[in-house]
Structures are given as structure tokens and as C-alpha cells.
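Peer 1: After the C-alpha cells below, expect a handful of questions from me.
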Number of protein chains: 2
Amino acid sequence: MKNAIPLHVELIDALIPIVFGTTAALNKIGAENDLSLTQLRVMGILRDRQPRMAELADYLGLKKSTMSGLIDRAEKKGLLARTPSLEDSRAIEVFLTQEGQALVERLHLQLQESLAPMTSRLNPSEQRQLRDLLDRMHGHD
Amino acid sequence: MKNAIPLHVELIDALIPIVFGTTAALNKIGAENDLSLTQLRVMGILRDRQPRMAELADYLGLKKSTMSGLIDRAEKKGLLARTPSLEDSRAIEVFLTQEGQALVERLHLQLQESLAPMTSRLNPSEQRQLRDLLDRMHGHD
DNA sequence: TATTGTTATACTCTATAACTATA
DNA sequence: TATAGTTATAGAGTATAACAATA
């Protein structure tokens with residue numbers, strides 16, 4: 001008797017543990033730095049951008065009111081700041097402070113170290129293959 | 001000049017969007033069924049197991065008190081139930097009700113449909129490759 | 001009128017601490 | 001004494017609804 005599980009389901013079953021494992025690593029790094037997973041993502045987005053509140057909310061799939069709270073708390077910690085938009089007086093732009101920039105670089109290194117036990121199970125050739133397959137699946141055509 | 005980004009960092013950069021994309025899909029499915037991501041995971045675990053509260057908490061990386069709340073709310077919805085362990089009078093086992101079993105099957109199908117736009121970007125041969133690489137990276141030796 | 005952002009409110013998730021019952 | 005689970009409490013994340021200011 002042949003395998004009864006469809007291939008795309010096998011793929012999902014292989015993907016899910018990686019997703020939860022990576023999320024756990026991110027949560028751990030967040031916890032070590034007193035940041036939630038969402039705030040970690042905000043820091044990552046602000047690394048090379050200065051978006052408006054509404055843009056941030058859209059990108060993260062959150063409501064504007066939720067963003068206000070998230071940014072309030074990160075601002076109180078001195079990691080980022082608000083500045084009014086020059087183009088639209090209603091809009092507010094968010095950007096990293098120096099302290100925030102320094103932190104986000106450290107977070108990036110921590111993530112690499114944290115995932116190393118996983119990524120290093122593959123040799124360079126396999127890592128290239130996996131990177132390419134993930135890129136293709138993500139669909140940037 | 002050669003590429004300055006190390007291979008394992010490129011791999012991580014390819015992995016992160018997949019992780020967040022998959023998590024977003026899971027959150028959406030949860031929201032459509034009035035379940036949080038954590039409760040979705042609980043349902044998945046209970047699909048073929050009847051663990052104790054402490055086992056669930058350990059597996060999910062949560063405190064026992066957090067589990068009590070999660071299980072309380074899911075129990076109120078009729079999705080799962082508690083039963084005392086026969087081996088240890090202190091312990092409580094958790095299992096899906098019929099309604100919970102029916103729901104978890106529907107959730108599984110929803111996940112496949114929800115991720116299909118992503119997985120179907122790869123042909124069967126690539127899907128097999130990706131599944132194998134993910135399995136190897138997850139490290140089940 | 002529509003959009004940008006904030007505030008008020010309510011619920012869920014999570015951890016810590018204190019507790020009861022059993023091993 | 002140690003472990004299993006619950007309860008009380010508090011802080012963070014999230015959504016909805018109502019609001020002020022600007023486009």
C-alpha cells in the first residue's frame with residue numbers, strides 16, 4: 001500500500017514544527033530583552049524605514065489602536081520615537097532612537113546564534129537549496 | 001566584489017517571512033473560529049493524545065497557571081474536557097470532545113487550503129526536496 | 001466626508017505568588 | 001518534601017467604538 005498522505009500535507013507537516021520552533025526562539029530573544037514578539041517585529045521593520053502608524057499597523061495586520069499601545073510602550077523605554085509627518089499633518093512617523101538602533105543590531109546577532117543549531121544541521125549546499133526553495137515558495141516574482 | 005552576506009544569514013532571511021506568513025495564516029484561521037494561536041496548538045496536540053495539564057504546559061513552554069486559563073476557556077466552549085488521571089490522583093488529563101474532534105479536522109483542512117497558494121508555487125519534486133530539507137533541519141535523528 | 005491617530009473599555013494571554021491536595 | 005493543579009493578581013496584546021484634528 002502506498003503512502004496515503006498527500007505531498008502538500010507532508011510539506012505542511014514538516015513546515016509547522018520549524019515555524020513554531022523559530023517562533024519560540026524569537027519569543028525567547030524577546031523575553032531576554034523585555035520585548036514581545038510583536039515589538040521585536042516592529043524593531044526589525046524600523047531598522048531601515050520610518051513608517052507612519054497606519055503603515056505599521058497594516059503591515060503587521062493590527063488595528064491602529066493596537067499600534068498606539070505598542071508604540072507607547074516602546075517609546076517609554078526609549079527605543080523609538082514619534083515625529084509628525086511633513087507631508088500630512090494628521091500622520092505620525094515612527095523611527096528608532098540610537099539606543100533602539102543599537103538594540104536591533106544585537107537582536108539580529110542573537111537570532112543568528114539562536115538558530116545556528118538548526119541551520120548548521122545543513123551543509124552549505126543544502127542551505128543554498130533551502131534558501132532558494134523558501135524564496136520561491138514566498139513568491140517574489 | 002563577492003556577496004558580503006553569510007549563507008546562514010541568507011537562509012534565516014528567507015525563513016523569517018515564511019514563519020510570519022504561516023503564523024498569520026494560523027492566526028486568521030484561529031480568529032475565524034474564535035480561537036487564539038495557542039488554543040489552535042492545543043487542539044492540534046489533543047488530536048491524537050490525552051496529556052496531563054503539566055505535559056501540555058511543558059510542551060508549549062507555558063506555566064501551569066496559564067494552561068488552567070486556556071483549558072478553562074476551551075472547556076467552556078465545549079471543545080475539550082478534563083478527567084482525573086487513574087494513575088495519579090493529583091493529575092488531570094485533557095481530551096477533545098466530539099465537537100472538538102470535528103472542529104480540529106475542519107481546522108486541518110482550512111490550514112491546507114490557506115497555505116495552498118504558498119505550497120503550490122513549488123512543483124512536486126521541489127515540494128519533496130523542501131520537505132526533506134525541513135525535516136533534516138528539524139533534526140529528528 | 002474620509003482618513004490619521006488616540007483614548008476608553010473589555011477580553012485573552014502570560015507570568016508570579018500563594019494555596020490545596022496528593023505522592 | 002516535592003509535584004499537580006487552581007486561584008488571585010497584574011501587565012501586555014488585541015479588537016471595537018467613540019472621538020478630535022486634518023485632508
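Quick note on naming: the chains in the C-alpha cells go A, B, ... in the order shown, residues restart at 1 in each chain, and ligands are numbered from 1 in order of appearance.
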So that I can see what lies close to Met43 in chain A, please list as number ranges by chain the residues with an atom at most 8 Å from it, counting only C-alpha atoms (C1' of nucleotides) and leaving out residues fewer than 2 positions away in the same chain.

Peer 2: A: 39-41, 45-47, 96, 100, 104

Peer 1: Any idea what's packed within 10 Å of range 1-18 of chain D, counting only C-alpha atoms (C1' of nucleotides), ignoring anything in its chain fewer than 3 positions away? Could you give it as number ranges by chain?

Peer 2: A: 35-36, 38, 62-63, 65-67, 69-70, 73; B: 52-54, 64-65, 67-69, 88-92; C: 7-23

Peer 1: Got time to write the residues from that selection, C-alpha atoms (C1' of nucleotides), as a JSON list (two decimals), in the first residue's frame?

Peer 2:
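And here is the file that came out, part01.json:
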[["chain", "number", "residue", "atom", "x", "y", "z"],
["A", 35, "LEU", "CA", 10.14, 42.73, 24.26],
["A", 36, "SER", "CA", 7.14, 40.87, 22.91],
["A", 38, "THR", "CA", 5.28, 41.95, 18.02],
["A", 62, "LEU", "CA", -3.09, 45.07, 13.54],
["A", 63, "LYS", "CA", -5.55, 47.85, 14.33],
["A", 65, "SER", "CA", -5.40, 51.46, 18.32],
["A", 66, "THR", "CA", -3.23, 48.41, 18.96],
["A", 67, "MET", "CA", -0.27, 50.16, 17.34],
["A", 69, "GLY", "CA", -0.30, 50.97, 22.65],
["A", 70, "LEU", "CA", 2.71, 49.09, 21.24],
["A", 73, "ARG", "CA", 5.33, 51.24, 25.49],
["B", 52, "ARG", "CA", -1.90, 15.96, 31.54],
["B", 53, "MET", "CA", -2.03, 19.67, 32.25],
["B", 54, "ALA", "CA", 1.66, 19.77, 33.14],
["B", 64, "LYS", "CA", 0.72, 25.62, 34.62],
["B", 65, "SER", "CA", -1.42, 28.58, 35.65],
["B", 67, "MET", "CA", -2.70, 26.30, 30.98],
["B", 68, "SER", "CA", -5.51, 26.37, 33.53],
["B", 69, "GLY", "CA", -6.92, 29.51, 31.93],
["B", 88, "ASP", "CA", -2.03, 9.82, 39.90],
["B", 89, "SER", "CA", -4.89, 11.39, 41.82],
["B", 90, "ARG", "CA", -3.22, 14.79, 41.63],
["B", 91, "ALA", "CA", -3.10, 14.79, 37.83],
["B", 92, "ILE", "CA", -5.76, 15.88, 35.34],
["C", 7, "DT", "C1'", -8.42, 57.11, 24.23],
["C", 8, "DA", "C1'", -11.68, 54.15, 26.81],
["C", 9, "DT", "C1'", -13.23, 49.61, 27.50],
["C", 10, "DA", "C1'", -13.20, 44.66, 27.53],
["C", 11, "DC", "C1'", -11.22, 40.13, 26.85],
["C", 12, "DT", "C1'", -7.35, 36.94, 26.18],
["C", 13, "DC", "C1'", -2.61, 35.54, 27.12],
["C", 14, "DT", "C1'", 1.04, 35.28, 30.13],
["C", 15, "DA", "C1'", 3.82, 35.19, 34.48],
["C", 16, "DT", "C1'", 4.39, 35.27, 39.65],
["C", 17, "DA", "C1'", 2.93, 34.09, 44.06],
["C", 18, "DA", "C1'", 0.13, 31.69, 47.34],
["C", 19, "DC", "C1'", -2.67, 27.86, 48.05],
["C", 20, "DT", "C1'", -4.77, 22.76, 48.39],
["C", 21, "DA", "C1'", -4.37, 18.02, 47.71],
["C", 22, "DT", "C1'", -1.71, 14.07, 46.78],
["C", 23, "DA", "C1'", 2.82, 11.43, 46.17]]

Peer 1: Any chance you could list, as an mmCIF file with C-alpha atoms, in the first residue's frame, the residues in range 80-139 of chain A that come up strand (DSSP E or B) when DSSP is run on the backbone?

Peer 2:
data_model
loop_
_atom_site.group_PDB
_atom_site.id
_atom_site.type_symbol
_atom_site.label_atom_id
_atom_site.label_comp_id
_atom_site.auth_asym_id
_atom_site.auth_seq_id
_atom_site.Cartn_x
_atom_site.Cartn_y
_atom_site.Cartn_z
ATOM 1 C CA LEU A 80 11.888 54.609 19.336
ATOM 2 C CA ALA A 81 10.234 57.994 18.905
ATOM 3 C CA ARG A 82 7.350 59.690 17.085
ATOM 4 C CA THR A 83 7.630 62.658 14.775
ATOM 5 C CA PRO A 84 4.881 64.428 12.823
ATOM 6 C CA ILE A 92 2.848 60.435 12.668
ATOM 7 C CA GLU A 93 6.092 58.745 11.661
ATOM 8 C CA VAL A 94 7.977 56.318 13.879
ATOM 9 C CA PHE A 95 11.748 55.798 13.952
ATOM 10 C CA LEU A 96 14.404 54.103 16.097
#

Peer 1: Mind listing as number ranges by chain which residues of chain C are within 8 Å of chain A, counting only C-alpha atoms (C1' of nucleotides)?

Peer 2: C: 4-6

Peer 1: Sorted by chain and rising residue number, list the residues of chain A at most 7 Å from chain B (counting only C-alpha atoms), each with its closest atom pair and distance in Å to one decimal, as a tab-separated table.

Peer 2:
residue	atom	partner	partner_atom	distance
A:His8	CA	B:Thr119	CA	6.7
A:Val9	CA	B:Gln112	CA	6.9
A:Glu10	CA	B:Arg131	CA	7.0
A:Leu11	CA	B:Arg131	CA	4.9
A:Ala14	CA	B:Arg131	CA	5.8
A:Leu15	CA	B:Leu134	CA	6.6
A:Ile18	CA	B:His138	CA	6.5
A:Val19	CA	B:Val19	CA	5.1
A:Gln112	CA	B:Val9	CA	6.9
A:Met118	CA	B:Met137	CA	5.6
A:Thr119	CA	B:Met137	CA	6.3
A:Arg121	CA	B:Met137	CA	5.5
A:Leu122	CA	B:Met137	CA	6.3
A:Gln127	CA	B:Leu11	CA	6.5
A:Leu130	CA	B:Leu130	CA	6.5
A:Arg131	CA	B:Leu11	CA	4.9
A:Leu133	CA	B:Leu130	CA	6.6
A:Leu134	CA	B:Ala14	CA	6.0
A:Asp135	CA	B:Ala14	CA	5.9
A:Arg136	CA	B:Arg121	CA	7.0
A:Met137	CA	B:Arg121	CA	5.5
A:His138	CA	B:Met118	CA	6.5

Peer 1: Given the selection you just returned, output its residues as a file containing N, CA, C and O atoms, formatted as a compact mmCIF listing (two decimals), in the first residue's frame.

Peer 2:
# COMPACT_ATOMS: atom_id res chain seq x y z
N HIS A 8 1.50 17.70 -0.40
CA HIS A 8 1.45 19.06 0.15
C HIS A 8 1.14 19.06 1.64
O HIS A 8 1.50 19.98 2.36
N VAL A 9 0.48 18.00 2.11
CA VAL A 9 0.24 17.88 3.55
C VAL A 9 1.53 17.49 4.27
O VAL A 9 1.84 18.00 5.35
N GLU A 10 2.29 16.61 3.65
CA GLU A 10 3.60 16.27 4.23
C GLU A 10 4.48 17.50 4.35
O GLU A 10 5.21 17.65 5.33
N LEU A 11 4.40 18.35 3.34
CA LEU A 11 5.20 19.58 3.37
C LEU A 11 4.76 20.46 4.53
O LEU A 11 5.59 20.98 5.28
N ALA A 14 5.94 19.20 7.77
CA ALA A 14 7.36 19.47 8.01
C ALA A 14 7.59 20.94 8.34
O ALA A 14 8.51 21.28 9.09
N LEU A 15 6.72 21.79 7.80
CA LEU A 15 6.89 23.23 7.98
C LEU A 15 6.49 23.70 9.38
O LEU A 15 7.17 24.54 10.00
N ILE A 18 8.99 23.77 12.25
CA ILE A 18 10.01 24.80 12.02
C ILE A 18 9.44 26.17 12.38
O ILE A 18 10.11 27.00 13.01
N VAL A 19 8.17 26.40 12.00
CA VAL A 19 7.53 27.68 12.30
C VAL A 19 7.43 27.88 13.82
O VAL A 19 7.81 28.94 14.34
N GLN A 112 20.71 34.98 14.92
CA GLN A 112 21.61 34.09 14.18
C GLN A 112 22.18 33.01 15.09
O GLN A 112 22.20 31.83 14.74
N MET A 118 20.01 24.90 14.45
CA MET A 118 19.09 24.39 13.43
C MET A 118 19.72 24.51 12.04
O MET A 118 19.82 23.52 11.32
N THR A 119 20.16 25.70 11.69
CA THR A 119 20.68 25.91 10.33
C THR A 119 21.94 25.09 10.08
O THR A 119 22.17 24.64 8.97
N ARG A 121 22.57 22.21 10.84
CA ARG A 121 22.33 20.79 10.54
C ARG A 121 22.42 20.55 9.04
O ARG A 121 22.49 19.40 8.59
N LEU A 122 22.40 21.64 8.26
CA LEU A 122 22.50 21.52 6.81
C LEU A 122 23.89 21.99 6.36
O LEU A 122 24.43 22.95 6.91
N GLN A 127 21.91 24.39 2.46
CA GLN A 127 21.42 25.71 2.89
C GLN A 127 21.04 26.55 1.68
O GLN A 127 20.01 27.24 1.70
N LEU A 130 17.77 25.17 0.30
CA LEU A 130 16.63 25.51 1.14
C LEU A 130 16.27 26.99 1.00
O LEU A 130 15.10 27.35 0.83
N ARG A 131 17.28 27.84 1.03
CA ARG A 131 17.05 29.28 0.83
C ARG A 131 16.29 29.51 -0.47
O ARG A 131 15.29 30.25 -0.50
N LEU A 133 14.44 27.42 -2.26
CA LEU A 133 13.07 26.87 -2.23
C LEU A 133 12.15 27.77 -1.41
O LEU A 133 10.99 28.01 -1.80
N LEU A 134 12.65 28.25 -0.28
CA LEU A 134 11.83 29.13 0.55
C LEU A 134 11.52 30.43 -0.20
O LEU A 134 10.40 30.93 -0.16
N ASP A 135 12.53 30.96 -0.88
CA ASP A 135 12.31 32.18 -1.66
C ASP A 135 11.26 31.95 -2.74
O ASP A 135 10.36 32.76 -2.94
N ARG A 136 11.39 30.82 -3.43
CA ARG A 136 10.41 30.52 -4.47
C ARG A 136 9.00 30.38 -3.88
O ARG A 136 8.02 30.85 -4.44
N MET A 137 8.91 29.71 -2.73
CA MET A 137 7.60 29.49 -2.12
C MET A 137 7.00 30.81 -1.65
O MET A 137 5.78 31.01 -1.70
N HIS A 138 7.86 31.70 -1.20
CA HIS A 138 7.37 33.01 -0.74
C HIS A 138 6.85 33.82 -1.92
O HIS A 138 6.04 34.74 -1.73

Peer 1: If you run DSSP on the backbone here, which positions in range 52-138 of chain B get helix (DSSP H, G or I)? Please write them as a VMD selection string.

Peer 2: chain B and resid 53 to 60 64 to 76 98 to 119 124 to 138

Peer 1: Could you tell me how far CA of Leu79 in chain B lies from CA of Arg49 in chain B, in Å and to one decimal?

Peer 2: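 Computed distance, CA of Leu79 in chain B to CA of Arg49 in chain B, equals 14.5 Å.
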